[in-house]
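Source file coords12.cif; content: mmCIF, C-alpha atoms and all ligand atoms.
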```cif
data_query
#
loop_
_atom_site.label_atom_id
_atom_site.label_comp_id
_atom_site.auth_asym_id
_atom_site.auth_seq_id
_atom_site.Cartn_x
_atom_site.Cartn_y
_atom_site.Cartn_z
CA MET A 1 0.00 0.00 0.00
CA ALA A 2 2.71 2.42 1.04
CA THR A 3 4.51 1.98 -2.30
CA GLU A 4 1.31 2.80 -4.13
CA LEU A 5 1.02 6.04 -2.23
CA LEU A 6 4.61 6.93 -3.01
CA SER A 7 4.53 6.25 -6.76
CA PRO A 8 4.66 9.47 -8.77
CA PRO A 9 1.35 10.67 -10.23
CA ARG A 10 0.88 9.72 -13.90
CA LYS A 11 1.29 12.66 -16.21
CA ARG A 12 -1.86 13.33 -18.19
CA SER A 13 -1.22 13.44 -21.90
CA THR A 14 -2.57 16.25 -24.07
CA PRO A 15 -5.85 14.90 -25.50
CA GLU A 16 -6.68 14.84 -29.19
CA PHE A 17 -8.69 17.83 -30.31
CA VAL A 18 -12.47 17.45 -30.18
CA PRO A 19 -14.41 20.52 -31.33
CA GLU A 20 -17.38 21.93 -29.44
CA LEU A 21 -19.37 22.72 -32.54
CA VAL A 22 -19.22 21.39 -36.11
CA TYR A 23 -20.49 23.05 -39.29
CA PHE A 24 -20.88 21.34 -42.63
CA GLU A 25 -21.29 22.82 -46.07
CA PRO A 26 -24.07 20.74 -47.66
CA ASN A 27 -21.90 19.63 -50.59
CA ALA A 28 -19.16 18.45 -48.21
CA LEU A 29 -21.46 15.51 -47.55
CA ASP A 30 -21.12 14.44 -51.20
CA TYR A 31 -17.57 13.34 -50.40
CA PRO A 32 -16.62 10.20 -48.44
CA LYS A 33 -14.39 12.24 -46.11
CA GLY A 34 -17.25 14.65 -45.37
CA ARG A 35 -19.59 11.78 -44.56
CA ARG A 36 -16.99 10.08 -42.38
CA ILE A 37 -16.42 13.26 -40.34
CA HIS A 38 -20.19 13.72 -40.07
CA GLU A 39 -20.59 10.20 -38.64
CA TRP A 40 -17.73 10.82 -36.26
CA ALA A 41 -19.26 14.10 -35.04
CA GLN A 42 -22.60 12.37 -34.50
CA ALA A 43 -20.96 9.53 -32.59
CA GLN A 44 -19.22 12.11 -30.39
CA GLY A 45 -22.58 13.76 -29.72
CA LEU A 46 -21.35 17.13 -31.02
CA PRO A 47 -23.78 19.86 -32.06
CA ILE A 48 -23.91 19.90 -35.87
CA ARG A 49 -25.04 22.84 -38.03
CA MET A 50 -25.17 23.44 -41.73
CA THR A 51 -23.67 26.48 -43.44
CA THR A 52 -23.76 27.65 -47.03
CA SER A 53 -20.10 28.62 -47.05
CA HIS A 54 -17.09 27.80 -44.90
CA ASN A 55 -15.95 31.39 -45.40
CA ARG A 56 -18.98 33.04 -43.87
CA ILE A 57 -19.57 31.91 -40.32
CA THR A 58 -20.43 34.54 -37.77
CA ASN A 59 -22.38 34.81 -34.54
CA PHE A 60 -20.41 32.43 -32.40
CA PRO A 61 -21.97 31.95 -29.01
CA GLY A 62 -20.27 33.76 -26.12
CA GLU A 63 -21.01 36.79 -23.94
CA SER A 64 -17.93 38.75 -24.95
CA GLU A 65 -15.68 39.04 -27.99
CA LEU A 66 -13.05 37.03 -26.13
CA GLU A 67 -15.43 34.23 -25.29
CA SER A 68 -16.67 34.06 -28.89
CA TYR A 69 -13.06 33.91 -30.04
CA LYS A 70 -12.37 30.96 -27.75
CA ILE A 71 -15.44 29.13 -29.02
CA ALA A 72 -14.53 29.90 -32.63
CA LYS A 73 -11.12 28.28 -32.01
CA ARG A 74 -12.98 25.13 -30.98
CA THR A 75 -15.33 25.14 -33.96
CA LEU A 76 -14.71 22.86 -36.89
CA VAL A 77 -16.03 23.72 -40.33
CA VAL A 78 -16.04 20.98 -42.93
CA GLY A 79 -16.12 22.29 -46.49
CA VAL A 80 -14.96 22.04 -50.07
CA ARG A 81 -11.80 23.93 -51.02
CA LYS A 82 -12.58 26.09 -54.02
CA THR A 83 -9.35 28.08 -54.37
CA LEU A 84 -6.87 25.69 -55.90
CA THR A 85 -4.19 28.28 -56.57
CA PHE A 86 -1.44 27.78 -54.02
CA ASP A 87 0.36 30.64 -52.30
CA THR A 88 4.13 30.73 -52.35
CA SER A 89 5.85 29.77 -49.12
CA LYS A 90 9.40 31.10 -48.89
CA PRO A 91 11.85 30.35 -47.40
CA SER A 92 10.85 26.84 -46.41
CA ALA A 93 9.15 25.63 -49.62
CA GLU A 94 7.92 26.70 -53.07
CA TYR A 95 4.21 26.43 -52.31
CA ALA A 96 1.79 26.26 -49.41
CA ILE A 97 -0.58 23.32 -49.84
CA PRO A 98 -3.97 24.01 -48.26
CA ILE A 99 -5.43 21.01 -46.44
CA ALA A 100 -6.78 22.98 -43.47
CA THR A 101 -7.04 26.55 -42.22
CA GLY A 102 -7.04 27.58 -38.57
CA CYS A 103 -5.77 25.90 -35.41
CA MET A 104 -6.98 24.91 -31.96
CA GLY A 105 -3.73 26.04 -30.34
CA HIS A 106 -3.58 29.31 -28.42
CA CYS A 107 -0.02 30.45 -29.05
CA HIS A 108 -0.02 34.13 -28.18
CA TYR A 109 2.38 35.09 -30.94
CA CYS A 110 0.71 33.09 -33.74
CA TYR A 111 0.47 34.99 -37.04
CA LEU A 112 -2.82 33.28 -37.87
CA GLN A 113 -4.47 35.75 -35.53
CA THR A 114 -3.71 38.46 -38.03
CA THR A 115 -3.95 36.51 -41.27
CA LEU A 116 -7.25 34.82 -40.43
CA GLY A 117 -8.71 38.01 -38.97
CA ALA A 118 -12.36 37.52 -38.13
CA LYS A 119 -12.28 33.84 -39.13
CA PRO A 120 -10.33 32.05 -36.42
CA TYR A 121 -12.39 28.88 -36.70
CA ILE A 122 -10.92 25.69 -38.13
CA ARG A 123 -11.71 24.75 -41.69
CA VAL A 124 -10.90 21.33 -43.13
CA TYR A 125 -11.39 20.39 -46.76
CA VAL A 126 -12.93 17.19 -48.00
CA ASN A 127 -11.95 17.40 -51.71
CA MET A 128 -8.42 16.11 -51.30
CA ASP A 129 -8.37 14.74 -54.87
CA ASP A 130 -8.75 18.28 -56.28
CA ILE A 131 -5.99 19.54 -54.01
CA LEU A 132 -3.65 16.70 -54.98
CA GLN A 133 -4.34 17.22 -58.69
CA ALA A 134 -3.46 20.89 -58.33
CA ALA A 135 -0.21 19.87 -56.58
CA GLU A 136 0.58 17.54 -59.45
CA ARG A 137 0.22 20.42 -61.92
CA TYR A 138 2.62 22.58 -59.87
CA ILE A 139 5.13 19.71 -59.82
CA GLU A 140 4.89 19.28 -63.59
CA GLU A 141 5.40 22.99 -64.19
CA ARG A 142 8.74 22.98 -62.35
CA ALA A 143 10.07 19.64 -63.61
CA PRO A 144 12.88 18.60 -63.65
CA GLU A 145 13.37 20.74 -60.51
CA LEU A 146 12.01 19.43 -57.21
CA THR A 147 8.91 21.18 -55.86
CA ARG A 148 8.48 21.47 -52.11
CA PHE A 149 5.10 21.99 -50.49
CA GLU A 150 4.54 23.31 -46.97
CA ALA A 151 1.37 21.96 -45.33
CA ALA A 152 1.48 24.02 -42.13
CA CYS A 153 1.26 27.62 -43.38
CA THR A 154 -2.30 28.15 -42.27
CA SER A 155 -2.84 25.41 -39.71
CA ASP A 156 -1.30 22.64 -37.62
CA PRO A 157 -2.19 19.60 -39.72
CA VAL A 158 -1.00 17.00 -37.17
CA GLY A 159 -3.41 18.31 -34.54
CA LEU A 160 -6.30 17.75 -36.98
CA GLU A 161 -5.12 14.43 -38.38
CA PRO A 162 -7.13 12.21 -36.01
CA ILE A 163 -10.28 13.84 -37.43
CA THR A 164 -9.44 14.15 -41.13
CA GLY A 165 -6.76 11.64 -42.11
CA SER A 166 -5.81 14.18 -44.83
CA LEU A 167 -2.15 14.45 -43.90
CA LYS A 168 -1.59 10.73 -44.37
CA GLU A 169 -3.16 10.93 -47.84
CA LEU A 170 -0.91 13.85 -48.67
CA ILE A 171 2.22 12.10 -47.35
CA GLU A 172 1.49 8.97 -49.39
CA PHE A 173 0.71 11.03 -52.50
CA MET A 174 4.05 12.84 -52.16
CA GLY A 175 5.77 9.50 -51.58
CA ARG A 176 4.70 8.55 -55.12
CA GLN A 177 5.96 11.81 -56.70
CA PRO A 178 9.56 11.58 -57.91
CA LEU A 179 9.76 15.39 -57.98
CA GLY A 180 7.43 16.34 -55.12
CA ARG A 181 8.43 16.89 -51.51
CA LEU A 182 6.32 17.69 -48.48
CA ARG A 183 7.12 19.43 -45.22
CA PHE A 184 5.09 20.58 -42.30
CA VAL A 185 5.64 21.60 -38.72
CA THR A 186 3.68 20.78 -35.62
CA LYS A 187 3.31 21.43 -31.92
CA PHE A 188 1.19 18.33 -31.45
CA HIS A 189 2.23 14.76 -30.72
CA HIS A 190 -0.65 12.81 -32.29
CA VAL A 191 1.51 11.09 -34.88
CA ASP A 192 0.67 7.41 -34.43
CA SER A 193 -1.58 7.09 -37.50
CA LEU A 194 1.24 8.53 -39.65
CA LEU A 195 3.95 6.09 -38.63
CA ASP A 196 3.07 3.44 -41.20
CA ALA A 197 2.44 5.90 -44.06
CA ARG A 198 4.39 5.07 -47.24
CA HIS A 199 6.34 8.34 -47.22
CA ASN A 200 9.32 7.13 -49.26
CA GLY A 201 11.51 9.71 -47.51
CA HIS A 202 9.72 12.53 -49.38
CA THR A 203 8.22 14.19 -46.28
CA ARG A 204 10.23 16.15 -43.77
CA PHE A 205 8.46 16.01 -40.43
CA ARG A 206 9.35 19.03 -38.30
CA PHE A 207 8.53 19.81 -34.71
CA SER A 208 8.32 23.28 -33.32
CA VAL A 209 10.40 23.48 -30.15
CA ASN A 210 11.53 26.25 -27.88
CA ALA A 211 13.09 27.24 -24.59
CA ASP A 212 11.00 26.14 -21.63
CA TYR A 213 10.10 29.77 -20.81
CA VAL A 214 8.50 30.28 -24.24
CA ILE A 215 6.51 27.04 -24.20
CA ARG A 216 5.30 27.66 -20.66
CA HIS A 217 4.18 31.25 -21.15
CA PHE A 218 3.04 31.46 -24.75
CA GLU A 219 1.87 28.09 -26.09
CA PRO A 220 -1.33 27.03 -24.31
CA ALA A 221 -3.47 24.27 -25.82
CA THR A 222 -0.58 22.53 -27.58
CA SER A 223 1.31 19.33 -26.69
CA THR A 224 4.06 19.60 -24.08
CA PHE A 225 7.73 19.67 -25.01
CA SER A 226 8.28 16.11 -23.81
CA GLU A 227 5.30 14.87 -25.81
CA ARG A 228 6.66 16.59 -28.92
CA ILE A 229 10.14 15.12 -28.62
CA GLU A 230 8.80 11.67 -27.86
CA ALA A 231 6.75 11.97 -31.07
CA ALA A 232 9.87 13.20 -32.90
CA GLY A 233 11.66 10.01 -31.85
CA LYS A 234 8.77 7.92 -33.19
CA VAL A 235 8.69 9.61 -36.60
CA ALA A 236 12.49 9.42 -36.91
CA ARG A 237 12.33 5.68 -36.18
CA ALA A 238 9.61 5.42 -38.85
CA GLY A 239 12.22 6.68 -41.33
CA TYR A 240 10.95 10.23 -41.89
CA PRO A 241 13.61 12.92 -42.39
CA LEU A 242 13.34 15.01 -39.21
CA GLY A 243 13.64 18.72 -38.53
CA PHE A 244 13.17 21.21 -35.75
CA ILE A 245 11.93 24.75 -36.04
CA ILE A 246 12.98 26.95 -33.18
CA ALA A 247 10.40 29.70 -33.39
CA PRO A 248 9.78 32.25 -32.26
CA ILE A 249 13.19 32.78 -30.71
CA ILE A 250 12.50 35.14 -27.84
CA TRP A 251 14.95 37.28 -25.94
CA HIS A 252 14.11 36.76 -22.26
CA GLU A 253 15.92 36.70 -18.99
CA GLY A 254 18.09 33.59 -18.96
CA TRP A 255 17.64 32.97 -22.72
CA GLU A 256 21.14 31.55 -23.09
CA ASP A 257 20.50 28.85 -20.49
CA GLY A 258 17.02 28.25 -21.90
CA TYR A 259 18.22 27.59 -25.45
CA ALA A 260 21.30 25.63 -24.29
CA GLU A 261 19.01 23.41 -22.25
CA LEU A 262 16.69 22.96 -25.22
CA LEU A 263 19.54 21.67 -27.38
CA ARG A 264 20.79 19.42 -24.59
CA LYS A 265 17.35 17.83 -24.25
CA LEU A 266 17.03 17.38 -28.01
CA GLN A 267 20.38 15.62 -28.16
CA GLU A 268 19.29 13.33 -25.36
CA SER A 269 16.12 12.25 -27.15
CA VAL A 270 16.78 12.30 -30.91
CA PRO A 271 17.62 8.77 -32.09
CA ALA A 272 21.12 8.43 -33.58
CA GLU A 273 19.77 7.49 -37.03
CA ALA A 274 18.02 10.87 -37.32
CA THR A 275 21.09 13.02 -36.64
CA LYS A 276 22.67 12.59 -40.10
CA ASP A 277 19.90 14.33 -42.01
CA LEU A 278 18.57 16.68 -39.38
CA THR A 279 17.53 20.24 -40.19
CA PHE A 280 16.97 23.32 -38.08
CA GLU A 281 15.09 26.48 -39.01
CA LEU A 282 15.48 29.52 -36.79
CA ILE A 283 12.95 32.34 -36.69
CA GLN A 284 13.28 35.28 -34.34
CA HIS A 285 10.15 36.77 -32.84
CA ARG A 286 8.55 39.51 -34.88
CA PHE A 287 5.26 41.37 -34.77
CA THR A 288 3.32 43.95 -36.73
CA LYS A 289 1.32 46.78 -35.24
CA THR A 290 -1.91 45.00 -36.21
CA ALA A 291 -0.75 41.78 -34.54
CA LYS A 292 0.12 43.64 -31.36
CA THR A 293 -3.37 45.14 -31.12
CA ILE A 294 -5.04 41.78 -31.69
CA ILE A 295 -2.78 39.90 -29.26
CA GLU A 296 -3.34 42.45 -26.50
CA ARG A 297 -7.08 42.10 -26.95
CA ARG A 298 -7.15 38.30 -27.06
CA TYR A 299 -4.45 37.54 -24.50
CA PRO A 300 -4.63 40.62 -22.26
CA LYS A 301 -2.33 39.14 -19.61
CA THR A 302 0.37 38.02 -22.01
CA LYS A 303 4.00 38.45 -21.01
CA LEU A 304 4.97 38.68 -24.68
CA GLU A 305 7.26 41.67 -25.07
CA MET A 306 6.06 43.85 -27.97
CA ASP A 307 7.67 47.20 -27.29
CA GLU A 308 8.34 48.93 -30.60
CA ALA A 309 11.02 51.09 -28.98
CA LYS A 310 13.11 48.01 -28.25
CA ARG A 311 12.86 46.67 -31.80
CA LYS A 312 14.10 47.34 -35.28
CA TYR A 313 11.55 48.14 -37.97
CA LYS A 314 11.88 45.98 -41.04
CA TRP A 315 9.99 47.21 -44.10
CA GLY A 316 7.70 44.64 -45.64
CA ARG A 317 7.60 44.00 -49.37
CA TRP A 318 3.83 44.11 -49.36
CA GLY A 319 2.13 46.47 -46.96
CA GLN A 320 3.12 46.92 -43.36
CA GLY A 321 6.52 46.12 -41.94
CA LYS A 322 7.51 44.08 -38.91
CA TYR A 323 9.30 44.73 -35.68
CA VAL A 324 12.26 42.39 -35.24
CA TYR A 325 15.17 42.45 -32.77
CA PRO A 326 17.88 45.04 -33.38
CA ASP A 327 20.88 43.59 -35.25
CA GLU A 328 23.02 43.24 -32.16
CA GLN A 329 20.43 41.11 -30.35
CA ALA A 330 19.46 39.14 -33.46
CA ASN A 331 23.13 38.33 -34.12
CA ALA A 332 23.68 37.28 -30.51
CA LEU A 333 20.67 34.94 -30.68
CA ARG A 334 21.69 33.53 -34.05
CA GLU A 335 25.34 32.96 -33.10
CA TYR A 336 24.64 31.47 -29.70
CA ILE A 337 21.93 29.07 -30.88
CA THR A 338 23.91 28.08 -33.99
CA GLU A 339 26.90 27.18 -31.81
CA ARG A 340 24.75 25.09 -29.46
CA ILE A 341 23.19 23.27 -32.45
CA PHE A 342 26.56 22.29 -33.96
CA GLU A 343 27.93 21.35 -30.55
CA ARG A 344 25.10 18.86 -30.11
CA PHE A 345 24.45 17.89 -33.74
CA PRO A 346 27.63 18.38 -35.80
CA GLU A 347 26.02 16.92 -38.93
CA ALA A 348 22.82 18.97 -38.83
CA LYS A 349 21.96 21.63 -41.38
CA ILE A 350 20.66 25.05 -40.42
CA GLU A 351 18.39 26.01 -43.30
CA TYR A 352 17.94 29.67 -42.37
CA PHE A 353 17.72 32.25 -39.62
CA THR A 354 15.21 34.95 -40.24
S1 LIG B 401 0.17 25.52 -32.88
FE1 LIG B 401 0.99 26.76 -34.57
S2 LIG B 401 -0.76 27.28 -35.84
FE2 LIG B 401 -1.55 26.60 -33.85
S3 LIG B 401 -1.81 28.47 -32.62
FE3 LIG B 401 0.22 27.64 -32.17
S4 LIG B 401 1.60 28.70 -33.63
FE4 LIG B 401 -0.51 28.97 -34.37
#
```
The structure given in the file should be rewritten as structure tokens.
Ligand code: SF4
Amino acid sequence: MATELLSPPRKRSTPEFVPELVYFEPNALDYPKGRRIHEWAQAQGLPIRMTTSHNRITNFPGESELESYKIAKRTLVVGVRKTLTFDTSKPSAEYAIPIATGCMGHCHYCYLQTTLGAKPYIRVYVNMDDILQAAERYIEERAPELTRFEAACTSDPVGLEPITGSLKELIEFMGRQPLGRLRFVTKFHHVDSLLDARHNGHTRFRFSVNADYVIRHFEPATSTFSERIEAAGKVARAGYPLGFIIAPIIWHEGWEDGYAELLRKLQESVPAEATKDLTFELIQHRFTKTAKTIIERRYPKTKLEMDEAKRKYKWGRWGQGKYVYPDEQANALREYITERIFERFPEAKIEYFT
């Protein structure tokens, strides 16, 4: 009995996402994926509504704007993707491939808050065949060059995978494309259904990681760091090329120790076979004036530092510019983290710092 009392409490794992409310476009039910999600939502006992367009949902329940926002982030909209023109996605890939829009995570700094504006709800698309055919056309256009697609520009596709299964379809499609490559990044650990996908080494599976301070203060409603790196070990053992995105890199008290500790923990948990072809992408924290206003409204208690006076203004090519760290700080972050990466992973490749 005494030993039972002394055993450490079991850590609760981050559950898979289950929305509070599900909308369907009527024609989404013409597709097998739409019908499957509908059955799933019914089996879960979720409230189901119909909508004429996944782009026009308003009037979320909630007493205040903040409450409505939180409910919108837990609302799933199942629709047909009509726009089959892909956006470009520099520097990590040639194109963004749209399999979902919106995310259940609540990262304070997330740029989706600005880019999705009044539509923070989660949209998933049932017409995967159309999306894959469009990808095939983009691949043909660039042949014999490789074409890379980024699947996480507007969403976190791993977090939605248990509901849609779309990422597995996309991974297997890309596995069959001699000139197509896929990449995505996630903060979720729900990877089990992807481990037996026939990826053929054509998908780079990246995890977003950060110093403990950043994860603790700014990334609610995502999987924990230890869940993410455990999942990274699983996907590496399943033969996927692995990568880490350290973003946003945030200057905070004790940042050197925080990032050194991050790299130490990664070295401890990444399986040896994944260290030969391991990539890192480094992105310093940035914000726009619009983002700052939205973040302060939605996360009024945030500790996220967004003081324009402490930042350097970087003009944007289209429209408004961003506030980044002044060169001296940005260089210190880049140099220090780069050194720690090569100390721990001498064969890794740093794809960019931005
Ligand atoms: S997990 Fe990614 S996409 Fe989702 S809120 Fe966080 S930063 Fe945004």
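Separating atom FE1 of ligand LIG 401 (chain B) from CA of His252 (chain A) is a distance of 20.6 Å.
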* **Neighbour list for Pro346 (chain A) as a PyMOL selection string, cut-off 10 Å, all atoms listed in the file, skip fewer than 5 positions in-chain** => chain A and resi 275-276+278+339-341
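Excluding Arg344 (chain A) and any residue on its chain fewer than 5 positions from it, the residues at most 8 Å away by all atoms listed in the file are A:Leu263, A:Arg264, A:Gln267.
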Go ahead and save the residues from that selection, with C-alpha atoms, as a PDB file, in the frame of the given file.
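The result, stored in part36.pdb:
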```pdb
ATOM      1  CA  LEU A 263      19.540  21.670 -27.380  1.00  0.00           C
ATOM      2  CA  ARG A 264      20.790  19.420 -24.590  1.00  0.00           C
ATOM      3  CA  GLN A 267      20.380  15.620 -28.160  1.00  0.00           C
TER       4      GLN A 267
END
```
Need the shell around region 47-57 of chain A: protein/DNA/RNA residues with any atom at most 10 Å away, counting only C-alpha atoms. Skip same-chain ones fewer than 6 positions apart. Format as a tab-separated table (two decimals) with C-alpha atoms, in the frame of the given file?
```tsv
chain	number	residue	atom	x	y	z
A	19	PRO	CA	-14.41	20.52	-31.33
A	20	GLU	CA	-17.38	21.93	-29.44
A	21	LEU	CA	-19.37	22.72	-32.54
A	22	VAL	CA	-19.22	21.39	-36.11
A	23	TYR	CA	-20.49	23.05	-39.29
A	24	PHE	CA	-20.88	21.34	-42.63
A	25	GLU	CA	-21.29	22.82	-46.07
A	26	PRO	CA	-24.07	20.74	-47.66
A	27	ASN	CA	-21.90	19.63	-50.59
A	38	HIS	CA	-20.19	13.72	-40.07
A	41	ALA	CA	-19.26	14.10	-35.04
A	72	ALA	CA	-14.53	29.90	-32.63
A	76	LEU	CA	-14.71	22.86	-36.89
A	77	VAL	CA	-16.03	23.72	-40.33
A	78	VAL	CA	-16.04	20.98	-42.93
A	79	GLY	CA	-16.12	22.29	-46.49
A	80	VAL	CA	-14.96	22.04	-50.07
A	81	ARG	CA	-11.80	23.93	-51.02
A	118	ALA	CA	-12.36	37.52	-38.13
A	119	LYS	CA	-12.28	33.84	-39.13
A	121	TYR	CA	-12.39	28.88	-36.70
A	122	ILE	CA	-10.92	25.69	-38.13
A	123	ARG	CA	-11.71	24.75	-41.69
A	124	VAL	CA	-10.90	21.33	-43.13
A	125	TYR	CA	-11.39	20.39	-46.76
```
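CA of Ser223 (chain A) lies 12.3 Å from atom S2 of ligand LIG 401 (chain B).
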* Near Gly201 (chain A), within 9 Å and counting all atoms listed in the file, which residues show up once chain neighbours fewer than 4 positions away are dropped, as a PyMOL selection string? -> chain A and resi 175+181+239-241
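Where the distance criterion is 7 Å and the atoms used are only C-alpha atoms and all ligand atoms, the residues close to ligand LIG 401 (chain B) are Gly102, Cys103, Met104, Gly105, His106, Cys107, Tyr109, Cys110, Tyr111, Leu112, Thr154, Ser155, Asp156, Thr186, Lys187, Glu219 and Thr222 of chain A.
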Return as a tab-separated table the residues of region 202-301 of chain A lying at most 9 Å from region 63-70 of chain A, together with the closest atom-to-atom pair for each and the distance in Å to one decimal, counting only C-alpha atoms, with rows in chain order and ascending residue number.
```
residue	atom	partner	partner_atom	distance
A:Arg297	CA	A:Leu66	CA	7.9
A:Arg298	CA	A:Leu66	CA	6.1
A:Tyr299	CA	A:Leu66	CA	8.8
```
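The closest residue to Ser208 (chain A), picked from A:Val126, A:Ala247, A:Leu160, A:Ile294 and counting all atoms listed in the file, is A:Ala247.
The interatomic distance for the pair CA of Ala238 (chain A) and CA of Val158 (chain A) works out to 15.8 Å.
Residues with at least one atom no more than 12 Å from (13.0, 24.2, -56.8), using only C-alpha atoms, are A:Thr88, A:Ser89, A:Lys90, A:Pro91, A:Ser92, A:Ala93, A:Glu94, A:Tyr95, A:Tyr138, A:Ile139, A:Glu140, A:Glu141, A:Arg142, A:Ala143, A:Pro144, A:Glu145, A:Leu146, A:Thr147, A:Arg148, A:Phe149, A:Leu179, A:Gly180, A:Arg181.
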